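One structure is given below, encoded as structure tokens.
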There are 2 protein chains.
Amino acid sequence: MAEARRTIDLLWFDEPQSRRGRKKGLTLTQVVDAAIALADAEGLDAVSMRRVAQDLGVVPMTLYTYVPDKAALLDLMLDALYLRMPRDGDGGAGWRERIRAVAEQNRALYEAHPWAAEIPVSRPPLGPGLMAKYDHELRAFEGAGLDDVEMDAALTYVLGFVQHAARTSAAARAAVERSGQTDQQWWEESGPLLEKVFDRNRYPLAVRVGEAAGAELGAAFNAGHAYAFGLERVLDGLDVLIKARQ
Amino acid sequence: MAEARRTIDLLWFDEPQSRRGRKKGLTLTQVVDAAIALADAEGLDAVSMRRVAQDLGVVPMTLYTYVPDKAALLDLMLDALYLRMPRDGDGGAGWRERIRAVAEQNRALYEAHPWAAEIPVSRPPLGPGLMAKYDHELRAFEGAGLDDVEMDAALTYVLGFVQHAARTSAAARAAVERSGQTDQQWWEESGPLLEKVFDRNRYPLAVRVGEAAGAELGAAFNAGHAYAFGLERVLDGLDVLIKARQ
DNA sequence: ATGGACGCCGTACAAGATACACCGTACAAG
DNA sequence: CTTGTACGGTGTATCTTGTACGGCGTCCAT
């Protein structure tokens, strides 16, 4: 109902710019930027209406004249990020390199703003940012022989992979920060404990593979390696589809 | 520090079973099961210490004698789920079908317990459930020619895909429930509004592909289709790697 | 000039997690 | 059998969150 309407208005900055009454002391952009700056500096958990308001020098309830609720603010933050993403290098190269570039651009986004991967996104924020991003990224698939529905699915697939990688990567970093111990420290401390409990006879494969992976990657989970490995699999998988369409 | 130790103790049910003092009125399993039942019935957001306690007929603080904090309870819930997953059909078939079965088992888990995909997981809960699951799932990759590190990475890749699919699927369902309108209704109401705002000249590809995908799949986003499409890409991608190793 | 629309804000409330201190229980030691 | 004490259970309290509500003051349209 009016809910969706209001959010879409906000996303496209269709503010009616009222004539009567007191003038606005802030702009929606200021509010969104303050929230983004806060999230960049202290993470998504630090983004409370109180903190954003404080950073803007207003009282919490003031924000509600700019935004219907917190969820909308988060949507706006995300769309603003999308809008500001660089969109270069569409041309040239083969489709594989173009898709790799799309993945890389998204990886860079999440590296600069890890909280972006965590925003609880019910329906994607159909704002100008998402629109421009979607259009730009679809270009990477043009000329590969996929039909429209496949192009959409393929893009969703790539973006989903990168987002998931970003999420696990951020989670791993957060775990290190929260506990104050690196993976190495954690393993050194918990390892002996786990030794007693991991039954080599019962789970031989798990123990063998887990140890091999841990030793090679220096931790129980290595986000960088998971991304690098996964991206090649993503590209190979799309390769098979695309070759079948040609 | 003792933090990790305590959690691992809990995961492996190494409760010291104290002799002195009042007898425990509940078991850890009861607490975890109550939380799982609650999450199944009303979602992860409904799982507060207050609600779990209420369902068990105790006062909130009582739970803290069983569990150090809420995060640990969530870890325990997840590991309990893992432990109860069916583990049949490892044998026979080719690796592709075995991996597909692994994906399918996980999809079924998330379908039965959508909240499982949402648990904020810092470090995976290294309990008996995860252990058994890991061992079982690795078997799907045996004999495919991958080395140990590759097996681990490949499994992580598959599981990540399924988890992400489950998350987006749950998010889409939640959006429908929260707003009280189906995707169709949402599109019918917001569509005309978006028409005015989507610039066909500026974003021709986005509008064309978006419309095609929306029309074909009946919504802006179709989780089932995304899963089906993605799974084939995942398997194809691993196929390329495995063939290269043989 | 003035009335009404609207931005701003103070207060208040209902969750939520969990620290702390107290109480009573029930086993181990005597 | 008594008693000290370890430990489970809980009432109270603190702090943080989002946000509803109503009042106040401003400033444009009339």
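Following the order of the structure tokens, first chain is A, next is B, and so on, with residues numbered from 1 inside each chain and ligands from 1 in the order they appear.
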Per-residue nearest contacts chain C to chain A, cut-off 8 Å, using only C-alpha atoms (C1' of nucleotides), as a Markdown table:
```
| residue | atom | partner | partner_atom | distance |
| --- | --- | --- | --- | --- |
| C:DA5 | C1' | A:Gly21 | CA | 5.6 |
| C:DC6 | C1' | A:Gly21 | CA | 4.5 |
| C:DG7 | C1' | A:Arg22 | CA | 5.2 |
| C:DC8 | C1' | A:Thr62 | CA | 6.1 |
| C:DC9 | C1' | A:Val59 | CA | 6.7 |
```
Which neighbours of DC15 of chain D fall inside 12 Å, counting only C-alpha atoms (C1' of nucleotides), when residues of the same chain fewer than 5 positions from it are skipped, and could you give them as a ChimeraX atom specification? /C:16-19
Mind pulling up the distance from atom C1' of DA6 of chain D to atom C1' of DC27 of chain C?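 We find that atom C1' of DC27 of chain C and atom C1' of DA6 of chain D lie 9.2 Å from each other.
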One residue among B:Asn222, B:Thr27, B:Thr168, B:Ser122 is nearest to chain A when using only C-alpha atoms, and that residue is B:Ser122
Closest of C:DA1, C:DA14, C:DA29, C:DC22 to DT19 of chain D - atom-to-atom distances counting only C-alpha atoms (C1' of nucleotides): C:DA14
Would you mind listing what lies within 9 Å of Ala213 of chain B as a PyMOL selection string, with only C-alpha atoms (C1' of nucleotides) counted and same-chain residues fewer than 5 positions away left out? (chain A and resi 148-153) or (chain B and resi 208+218-221)
In Å, with one decimal, what is the gap from atom CA of Lys196 of chain B to atom CA of Asp75 of chain A?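 Straight-line distance from atom CA of Lys196 of chain B to atom CA of Asp75 of chain A works out to 20.4 Å.
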Chain D contacts to chain B at 12 Å (only C-alpha atoms (C1' of nucleotides)) as a list in words: DG4, DT5, DA6, DC7, DG8, DG9, DT10, DG11 and DT12 of chain D
Would you mind exporting C-alpha atoms (C1' of nucleotides) of the selected residues as a compact mmCIF listing (two decimals), in the first residue's frame?
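Saved the output as out-v1.txt:
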```txt
# COMPACT_ATOMS: atom_id res chain seq x y z
C1' DG D 4 28.94 -26.17 55.81
C1' DT D 5 28.96 -25.01 51.30
C1' DA D 6 28.50 -25.33 46.33
C1' DC D 7 25.36 -24.40 43.13
C1' DG D 8 20.71 -23.94 40.73
C1' DG D 9 16.91 -20.71 40.49
C1' DT D 10 15.11 -16.07 40.51
C1' DG D 11 13.79 -10.97 41.54
C1' DT D 12 15.52 -6.72 40.61
```
